[in-house]
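**Q** This is data.txt, which holds compact mmCIF, C-alpha atoms:
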```
# COMPACT_ATOMS: atom_id res chain seq x y z
CA MET E 1 18.45 0.91 27.70
CA ARG E 2 17.38 3.01 24.70
CA THR E 3 13.61 3.28 24.22
CA SER E 4 12.31 1.81 20.97
CA LEU E 5 11.52 4.33 18.22
CA PHE E 6 7.80 3.54 18.24
CA THR E 7 7.51 3.67 22.03
CA GLU E 8 9.28 7.01 22.16
CA PHE E 9 7.07 8.46 19.45
CA LYS E 10 3.89 7.36 21.22
CA GLU E 11 5.16 8.93 24.45
CA SER E 12 6.00 12.16 22.63
CA THR E 13 2.56 12.36 21.01
CA ALA E 14 0.83 11.84 24.36
CA LEU E 15 3.03 14.50 25.99
CA ALA E 16 2.44 16.94 23.14
CA ARG E 17 -1.33 16.80 23.63
CA THR E 18 -0.89 18.19 27.15
CA ASP E 19 1.60 20.93 26.16
CA THR E 20 -0.34 24.20 26.08
CA ALA E 21 2.50 26.24 24.58
CA LEU E 22 2.91 23.77 21.72
CA THR E 23 -0.84 23.66 21.15
CA GLY E 24 -0.92 27.44 20.83
CA GLN E 25 1.83 27.41 18.21
CA LEU E 26 0.14 24.62 16.24
CA LEU E 27 -3.11 26.57 16.16
CA ARG E 28 -1.33 29.76 15.12
CA HIS E 29 0.67 28.16 12.29
CA TYR E 30 -1.60 25.32 11.13
CA LYS E 31 -5.10 26.20 12.43
CA THR E 32 -5.31 22.73 14.00
CA ALA E 33 -3.76 21.07 17.05
CA ALA E 34 -4.59 17.54 15.86
CA LEU E 35 -1.65 15.09 15.94
CA LEU E 36 -1.23 11.76 14.14
CA PRO E 37 -0.32 8.54 16.01
CA PRO E 38 2.33 6.18 14.53
CA ARG E 39 -0.11 3.92 12.71
CA ARG E 40 0.65 1.80 9.68
CA GLY E 41 1.92 3.14 6.40
CA LEU E 42 3.70 6.42 5.73
CA CYS E 43 2.99 7.82 9.19
CA ARG E 44 4.72 4.85 10.83
CA SER E 45 7.78 5.16 8.58
CA THR E 46 7.93 8.90 9.25
CA CYS E 47 7.85 8.43 13.01
CA VAL E 48 10.85 6.09 12.64
CA ALA E 49 12.76 8.74 10.65
CA LEU E 50 11.95 11.49 13.16
CA ALA E 51 12.73 9.42 16.23
CA TRP E 52 15.95 8.09 14.67
CA ASN E 53 17.25 11.60 13.95
CA ILE E 54 16.24 12.86 17.38
CA GLN E 55 18.10 10.02 19.08
CA GLN E 56 21.23 10.87 17.06
CA ALA E 57 20.94 14.56 17.99
CA ARG E 58 20.74 13.85 21.70
CA VAL E 59 24.45 13.11 21.71
CA VAL E 60 25.15 16.86 21.38
CA PHE E 61 22.19 18.17 23.41
CA ARG E 62 23.79 19.21 26.67
CA GLN E 63 20.53 19.75 28.55
CA ASP E 64 18.28 16.84 29.45
CA PRO E 65 18.25 14.86 26.15
CA SER E 66 14.63 13.85 26.68
CA LEU E 67 13.60 17.49 26.16
CA ILE E 68 13.89 16.96 22.37
CA ARG E 69 10.68 15.45 21.00
CA GLY E 70 9.03 14.96 17.61
CA VAL E 71 5.38 14.79 16.51
CA ILE E 72 3.35 14.70 13.29
CA SER E 73 0.66 17.34 12.78
CA ALA E 74 -2.53 16.44 10.90
CA ALA E 75 -2.32 19.75 9.01
CA PRO E 76 -2.68 19.36 5.21
CA CYS E 77 -0.11 22.05 4.39
CA ALA E 78 3.46 20.98 3.58
CA ASN E 79 5.52 22.42 6.41
CA ALA E 80 7.81 21.70 9.38
CA LEU E 81 8.29 23.66 12.57
CA ALA E 82 10.68 24.07 15.49
CA ALA E 83 8.54 24.86 18.52
CA TRP E 84 9.26 25.59 22.17
CA GLY E 85 6.79 24.11 24.63
CA ASP E 86 6.04 23.88 28.33
CA ARG E 87 8.72 22.68 30.75
CA GLU E 88 11.48 23.68 28.30
CA GLN E 89 10.43 21.04 25.78
CA HIS E 90 12.01 21.38 22.32
CA TRP E 91 9.57 20.17 19.67
CA ILE E 92 10.03 19.18 16.04
CA VAL E 93 6.75 19.18 14.13
CA VAL E 94 6.23 17.71 10.65
CA THR E 95 2.87 18.02 8.89
CA GLN E 96 0.92 15.31 7.13
CA GLY E 97 1.02 17.45 3.98
CA LEU E 98 4.81 17.51 3.98
CA MET E 99 4.97 13.73 4.49
CA THR E 100 2.81 13.11 1.43
CA GLU E 101 4.59 15.64 -0.76
CA LEU E 102 8.06 14.34 0.12
CA ARG E 103 7.01 10.70 -0.33
CA ASP E 104 5.70 11.40 -3.84
CA ALA E 105 8.83 13.35 -4.78
CA ALA E 106 11.16 10.70 -3.31
CA GLU E 107 9.49 7.90 -5.28
CA MET E 108 9.65 9.95 -8.49
CA HIS E 109 13.33 10.80 -8.03
CA ALA E 110 14.24 7.27 -6.95
CA ALA E 111 12.91 5.94 -10.26
CA ARG E 112 15.49 8.09 -12.09
CA LEU E 113 18.52 7.34 -9.91
CA PRO E 114 19.61 3.97 -11.42
CA ALA E 115 19.78 5.46 -14.91
CA ALA E 116 21.74 8.47 -13.62
CA PHE E 117 24.23 6.27 -11.72
CA PRO E 118 24.29 2.93 -13.59
CA ALA E 119 27.71 1.84 -12.31
CA ALA E 120 26.77 2.45 -8.65
CA PHE E 121 23.55 0.44 -8.88
CA ALA E 122 25.24 -2.39 -10.79
CA THR E 123 27.40 -3.16 -7.71
CA ALA E 124 26.39 -5.73 -5.11
CA PRO E 125 25.17 -3.13 -2.56
CA GLY E 126 23.41 -1.23 -5.34
CA ARG E 127 21.52 -4.33 -6.45
CA GLN E 128 20.74 -5.02 -2.80
CA LEU E 129 19.04 -1.62 -2.47
CA LEU E 130 17.02 -2.09 -5.65
CA ALA E 131 15.82 -5.58 -4.66
CA ALA E 132 14.97 -4.83 -1.02
CA THR E 133 11.39 -5.02 0.25
CA PRO E 134 9.91 -1.50 0.56
CA LEU E 135 9.03 0.02 3.91
CA GLN E 136 5.41 0.72 4.80
CA GLY E 137 3.93 3.49 2.66
CA PHE E 138 6.41 3.17 -0.22
CA ASP E 139 6.55 1.42 -3.59
CA THR E 140 10.34 0.91 -3.54
CA MET E 141 13.07 0.70 -0.93
CA LEU E 142 15.09 3.29 -2.84
CA GLY E 143 12.14 5.69 -2.63
CA ALA E 144 11.91 5.02 1.10
CA LEU E 145 15.63 5.72 1.55
CA LEU E 146 15.41 9.01 -0.36
CA TYR E 147 12.45 9.93 1.82
CA PHE E 148 14.52 9.09 4.90
CA GLY E 149 17.29 11.37 3.58
CA ALA E 150 14.82 14.20 2.94
CA MET E 151 13.12 13.78 6.31
CA SER E 152 16.51 13.56 8.04
CA PHE E 153 17.34 16.98 6.61
CA VAL E 154 13.94 18.34 7.72
CA ALA E 155 14.33 16.98 11.25
CA SER E 156 17.99 18.02 11.52
CA HIS E 157 17.20 21.51 10.20
CA GLU E 158 14.55 22.00 12.89
CA LEU E 159 16.94 20.54 15.46
CA GLY E 160 19.44 23.12 14.24
CA HIS E 161 17.09 25.90 15.37
CA HIS E 162 17.01 24.35 18.84
CA LEU E 163 20.73 23.61 19.07
CA ALA E 164 21.67 27.12 17.89
CA GLY E 165 19.40 28.83 20.44
CA HIS E 166 17.09 30.44 17.89
CA ASP E 167 14.23 30.62 20.37
CA ALA E 168 15.47 34.11 21.28
CA TYR E 169 14.46 35.33 17.83
CA PHE E 170 10.97 33.87 18.02
CA ARG E 171 10.47 35.36 21.47
CA ALA E 172 11.70 38.83 20.45
CA PRO E 173 9.12 40.17 17.98
CA ALA E 174 10.70 43.63 18.02
CA HIS E 175 13.56 42.26 15.93
CA HIS E 176 11.32 40.79 13.23
CA ALA E 177 11.62 44.04 11.26
CA ARG E 178 15.16 43.10 10.14
CA TRP E 179 14.60 40.95 7.07
CA GLU E 180 18.12 39.50 7.20
CA VAL E 181 17.64 37.80 10.57
CA PRO E 182 15.11 35.06 9.68
CA HIS E 183 16.98 34.26 6.45
CA ALA E 184 20.28 34.10 8.32
CA LEU E 185 18.81 31.80 10.96
CA GLU E 186 17.45 29.49 8.24
CA ARG E 187 20.89 29.43 6.65
CA GLN E 188 22.50 28.46 9.96
CA ALA E 189 19.90 25.74 10.58
CA ASP E 190 20.44 24.43 7.03
CA ALA E 191 24.17 24.02 7.65
CA ILE E 192 23.53 22.12 10.88
CA GLY E 193 20.82 20.07 9.19
CA VAL E 194 22.98 18.98 6.25
CA GLY E 195 25.80 17.70 8.47
CA ALA E 196 23.50 15.88 10.88
CA ALA E 197 21.49 14.34 8.03
CA LEU E 198 24.59 12.71 6.55
CA LEU E 199 25.36 11.08 9.90
CA SER E 200 21.83 9.64 10.09
CA VAL E 201 21.81 8.40 6.49
CA SER E 202 25.29 6.87 6.85
CA LYS E 203 24.38 5.01 10.04
CA LEU E 204 21.17 3.68 8.52
CA LEU E 205 22.73 2.47 5.27
CA ARG E 206 25.70 0.89 7.01
CA ARG E 207 23.24 -1.18 9.02
CA PHE E 208 21.44 -2.04 5.81
CA PHE E 209 24.51 -3.25 3.92
CA THR E 210 26.06 -6.63 4.69
CA ALA E 211 28.40 -6.12 7.68
CA THR E 212 31.49 -8.06 6.65
CA ALA E 213 35.19 -7.30 6.30
CA LEU E 214 35.28 -5.18 3.17
CA LEU E 215 37.92 -4.56 0.55
CA PRO E 216 38.67 -0.89 -0.21
CA SER E 217 36.78 -1.20 -3.49
CA GLU E 218 33.69 -2.52 -1.66
CA ARG E 219 33.86 0.30 0.91
CA GLU E 220 34.04 2.78 -1.96
CA GLU E 221 30.92 1.25 -3.51
CA GLN E 222 29.05 1.67 -0.24
CA GLN E 223 30.28 5.24 0.26
CA THR E 224 29.18 6.11 -3.26
CA LEU E 225 25.65 4.87 -2.57
CA ILE E 226 25.57 6.70 0.78
CA ALA E 227 26.57 9.92 -1.03
CA ILE E 228 23.89 9.41 -3.70
CA VAL E 229 21.05 8.68 -1.25
CA PHE E 230 22.08 11.52 1.08
CA THR E 231 22.51 14.10 -1.70
CA ALA E 232 19.34 13.17 -3.56
CA GLY E 233 17.38 13.06 -0.30
CA VAL E 234 18.49 16.49 0.94
CA LEU E 235 17.97 18.06 -2.49
CA THR E 236 14.51 16.47 -2.73
CA MET E 237 13.54 18.62 0.23
CA ALA E 238 15.56 21.67 -0.83
CA ALA E 239 13.99 21.66 -4.31
CA ARG E 240 10.69 22.62 -2.70
CA LEU E 241 12.18 26.06 -2.15
CA VAL E 242 12.83 26.83 -5.82
CA PRO E 243 10.35 28.31 -8.33
CA ALA E 244 9.41 26.10 -11.27
CA ALA E 245 11.62 28.15 -13.62
CA PHE E 246 14.18 30.83 -12.92
CA ASP E 247 17.31 32.33 -14.41
CA PHE E 248 20.42 32.85 -12.32
CA ASN E 249 21.41 35.75 -14.54
CA ALA E 250 18.41 37.68 -13.25
CA ALA E 251 17.68 38.90 -9.72
CA GLN E 252 16.87 35.91 -7.54
CA SER E 253 14.51 35.29 -4.67
CA PRO E 254 15.93 34.44 -1.23
CA ASN E 255 14.64 30.89 -1.68
CA ALA E 256 16.58 30.41 -4.91
CA TYR E 257 19.73 31.63 -3.17
CA ARG E 258 18.98 29.36 -0.24
CA MET E 259 18.78 26.37 -2.59
CA LEU E 260 22.17 27.33 -4.00
CA LYS E 261 23.65 27.59 -0.52
CA ILE E 262 22.30 24.18 0.50
CA ALA E 263 23.79 22.64 -2.65
CA ALA E 264 27.14 24.24 -1.88
CA THR E 265 26.99 23.20 1.79
CA LEU E 266 26.62 19.53 0.81
CA MET E 267 30.28 19.32 -0.16
CA ARG E 268 31.69 19.77 3.35
CA PRO E 269 30.00 16.76 5.01
CA LEU E 270 30.52 14.65 1.88
CA ARG E 271 34.27 14.97 2.42
CA SER E 272 33.87 12.60 5.38
CA LEU E 273 33.32 9.87 2.77
CA MET E 274 37.06 9.79 2.22
CA LEU E 275 37.18 7.12 -0.49
CA LEU E 276 35.42 9.52 -2.87
CA ASP E 277 37.37 12.31 -4.55
CA ASP E 278 36.12 15.86 -5.02
CA ALA E 279 35.33 15.29 -8.69
CA GLY E 280 33.17 12.29 -7.77
CA ARG E 281 31.32 14.22 -5.06
CA LYS E 282 30.65 17.15 -7.41
CA TRP E 283 29.43 14.78 -10.11
CA ILE E 284 26.98 13.18 -7.66
CA ARG E 285 25.71 16.60 -6.64
CA LEU E 286 25.30 17.71 -10.26
CA LYS E 287 23.40 14.59 -11.30
CA CYS E 288 21.16 14.74 -8.23
CA LEU E 289 20.38 18.40 -8.94
CA GLU E 290 19.35 17.51 -12.47
CA ILE E 291 17.13 14.71 -11.12
CA VAL E 292 15.30 16.75 -8.47
CA LEU E 293 14.92 19.89 -10.59
CA GLY E 294 14.34 18.21 -13.95
CA PRO E 295 16.37 18.77 -17.13
CA PRO E 296 17.28 22.44 -17.67
CA LEU E 297 15.65 24.42 -20.45
CA PRO E 298 17.79 24.87 -23.59
CA ALA E 299 18.39 28.54 -22.87
CA GLN E 300 18.66 28.14 -19.12
CA ASP E 301 21.35 25.72 -17.94
CA ALA E 302 21.45 27.21 -14.45
CA PHE E 303 22.08 23.86 -12.78
CA HIS E 304 24.64 22.49 -15.18
CA LEU E 305 28.07 22.49 -13.57
CA ARG E 306 29.21 25.63 -15.38
CA GLY E 307 25.96 27.46 -14.67
CA MET E 308 26.01 26.52 -11.02
CA GLN E 309 29.62 27.60 -10.58
CA GLN E 310 28.75 30.92 -12.18
CA ALA E 311 25.75 31.34 -9.90
CA LEU E 312 27.77 30.52 -6.78
CA HIS E 313 30.39 33.11 -7.75
CA ALA E 314 27.95 35.75 -9.01
CA PRO E 315 28.34 39.19 -7.34
CA ALA E 316 24.62 39.32 -6.57
CA PHE E 317 24.77 36.03 -4.68
CA HIS E 318 27.78 37.13 -2.62
CA ALA E 319 26.22 40.52 -1.94
CA TYR E 320 23.12 38.77 -0.62
CA MET E 321 25.20 36.52 1.65
CA THR E 322 27.12 39.55 2.93
CA GLN E 323 23.82 41.19 3.87
CA LEU E 324 22.74 38.06 5.74
CA ASP E 325 26.01 37.90 7.65
CA ALA E 326 25.78 41.57 8.61
CA GLY E 327 22.19 41.25 9.82
CA PHE E 328 22.97 38.09 11.77
CA ARG E 329 25.95 39.68 13.55
CA LEU E 330 23.69 42.44 14.85
CA PHE E 331 21.32 39.87 16.32
CA LYS E 332 23.73 37.11 17.32
CA ASP E 333 24.36 38.32 20.86
CA LYS E 334 20.60 38.20 21.54
CA LEU E 335 20.41 34.46 20.86
CA SER E 336 20.17 32.21 23.86
CA GLU E 337 23.11 29.90 24.49
CA SER E 338 23.07 26.61 22.63
CA PRO E 339 21.73 23.69 24.69
```
Could you render the structure from this file as structure tokens?

**A**
Amino acid sequence: MRTSLFTEFKESTALARTDTALTGQLLRHYKTAALLPPRRGLCRSTCVALAWNIQQARVVFRQDPSLIRGVISAAPCANALAAWGDREQHWIVVTQGLMTELRDAAEMHAARLPAAFPAAFATAPGRQLLAATPLQGFDTMLGALLYFGAMSFVASHELGHHLAGHDAYFRAPAHHARWEVPHALERQADAIGVGAALLSVSKLLRRFFTATALLPSEREEQQTLIAIVFTAGVLTMAARLVPAAFDFNAAQSPNAYRMLKIAATLMRPLRSLMLLDDAGRKWIRLKCLEIVLGPPLPAQDAFHLRGMQQALHAPAFHAYMTQLDAGFRLFKDKLSESP
């Protein structure tokens, strides 16, 4: 019988406090080893999101599934961490600062979604989402669902580091001199995280919607809302990587390129929502980008459809990705086997 989400999280927190390897990494990265219990409010909702995603990931974890655990650090910085502990434990750590920052962003973006997608939220499932009672720590259910999408990407990204065997990099400091390696590993974890996050969001929303025999038009309405919540949620987290203002015609930071790659990667898992066509998926991505990044400046339409297509096909962007691929190939054989 599957352990309840709250029970599992309490067990994980208790176990984490006795894990000396994890404690050392928490002190090194966050200057505190303090962990938060799943009390009321945002912390309780976050423990549900973490535990839910971990339980989904255990399907593909070939070692002992119970080795994957999640905890919440009391650190005020906005960050998440994949950590390797005692007894081969695989930890996912989310900080209190990240919880608060993502909650505020999710509520702000959720307030703009109905105006961006009026037809979707005028449907029966759309009205159901807008009228639902919020979860603990949130003002609206739509804000809570966007937060779940963002936290699903965070958790699945960190799980991606574990599933892809990236511990070899963190335990081989001699290879840290190659700048391409950490960026390439983040790119690989992003790709895993995006796909796994859609599975989690889809399963959650399908439980939320009325489970009856549906007409094709009703299934399309539900798939549209799943695509909106998933895309806006992932991009809510990804937008944290991007500077407040930047121009894709100029040289870009690795984080700006990473945001572009995440946006491009969204399209592959969205194709599993087969009642939506490519034009519809791209439109959802475009509108969600405009929501999470704000309206573009008059002279800087980098995230309009044309501007984004140009950025994705820009020689500088492809040259950067080529460098990442080359650096990763040199290091790939040093990675431990996936669990």

**Q** Of the residues E:Leu145, E:Met108, E:Ala314, E:Leu22, which is the one nearest to Phe230 in chain E, using all atoms listed in the file?

**A**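 Looking at the shortest contact to Phe230 in chain E, the residue is E:Leu145.
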
**Q** As lines of an AutoDock Vina configuration file, what would the box around range 212-225 of chain E look like: edges along x, y and z, 5 Å added on every side, centre and edge lengths in Å to one decimal?

**A**
```
center_x = 32.2
center_y = -1.0
center_z = 1.6
size_x = 23.0
size_y = 24.2
size_z = 20.2
```

**Q** Let me make sure I understand: among E:Gly143, E:Pro125, E:Pro269, E:Gly85, which one has the smallest atom-to-atom distance to Leu214 in chain E if we use only C-alpha atoms?

**A**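 Ranked by minimum distance to Leu214 in chain E, first place goes to E:Pro125.
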
**Q** What are the closest atom pairs, with distances in Å to one decimal, for each residue of range 223-245 of chain E lying within 9 Å of range 185-200 of chain E, using all atoms listed in the file, rows by chain and rising residue number, as a tab-separated table?

**A**
```
residue	atom	partner	partner_atom	distance
E:Ile226	CA	E:Leu198	CA	8.4
E:Ala227	CA	E:Leu198	CA	8.3
E:Phe230	CA	E:Leu198	CA	6.1
E:Thr231	CA	E:Leu198	CA	8.6
E:Val234	CA	E:Val194	CA	7.4
```

**Q** Taking only residues of range 135-230 of chain E that have an atom at most 10 Å from an atom of range 50-61 of chain E, what is each one's shortest atom pair and its distance in Å to one decimal, using only C-alpha atoms, in chain and number order, as CSV?

**A**
```
residue,atom,partner,partner_atom,distance
E:Phe148,CA,E:Leu50,CA,9.0
E:Met151,CA,E:Leu50,CA,7.3
E:Ser152,CA,E:Asn53,CA,6.3
E:Phe153,CA,E:Asn53,CA,9.1
E:Val154,CA,E:Leu50,CA,9.0
E:Ala155,CA,E:Leu50,CA,6.3
E:Ser156,CA,E:Asn53,CA,6.9
E:Leu159,CA,E:Ala57,CA,7.6
E:Gly160,CA,E:Ala57,CA,9.5
E:His162,CA,E:Phe61,CA,9.3
E:Leu163,CA,E:Phe61,CA,7.1
E:Ala196,CA,E:Ala57,CA,7.7
E:Ala197,CA,E:Asn53,CA,7.8
E:Leu199,CA,E:Gln56,CA,8.3
E:Ser200,CA,E:Asn53,CA,6.3
E:Val201,CA,E:Asn53,CA,9.3
E:Lys203,CA,E:Gln56,CA,9.7
E:Leu204,CA,E:Trp52,CA,9.2
```

**Q** Neighbours of Leu35 in chain E within 6 Å (all atoms listed in the file; same-chain residues fewer than 6 positions away dropped), as an MDAnalysis selection string?

**A** chainID E and resid 72:74

**Q** Keeping C-alpha atoms, export the residues of the selection given above as an mmCIF file, in the frame of the given file.

**A**
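Result file is part-v9.cif:
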```cif
data_model
loop_
_atom_site.group_PDB
_atom_site.id
_atom_site.type_symbol
_atom_site.label_atom_id
_atom_site.label_comp_id
_atom_site.auth_asym_id
_atom_site.auth_seq_id
_atom_site.Cartn_x
_atom_site.Cartn_y
_atom_site.Cartn_z
ATOM 1 C CA ILE E 72 3.350 14.700 13.290
ATOM 2 C CA SER E 73 0.660 17.340 12.780
ATOM 3 C CA ALA E 74 -2.530 16.440 10.900
#
```

**Q** Between E:Met274, E:Val71, E:Val292, E:Leu135, which one has atoms that come closest to Leu102 in chain E, using only C-alpha atoms?

**A**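 Looking at the shortest contact to Leu102 in chain E, the residue is E:Val292.
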
**Q** (7.4, -0.3, 20.5) in this file's frame - what residues fall within 12 Å of it? Use only C-alpha atoms and give the answer as a ChimeraX atom specification.

**A** /E:2-11,38-39,44,47-48,51
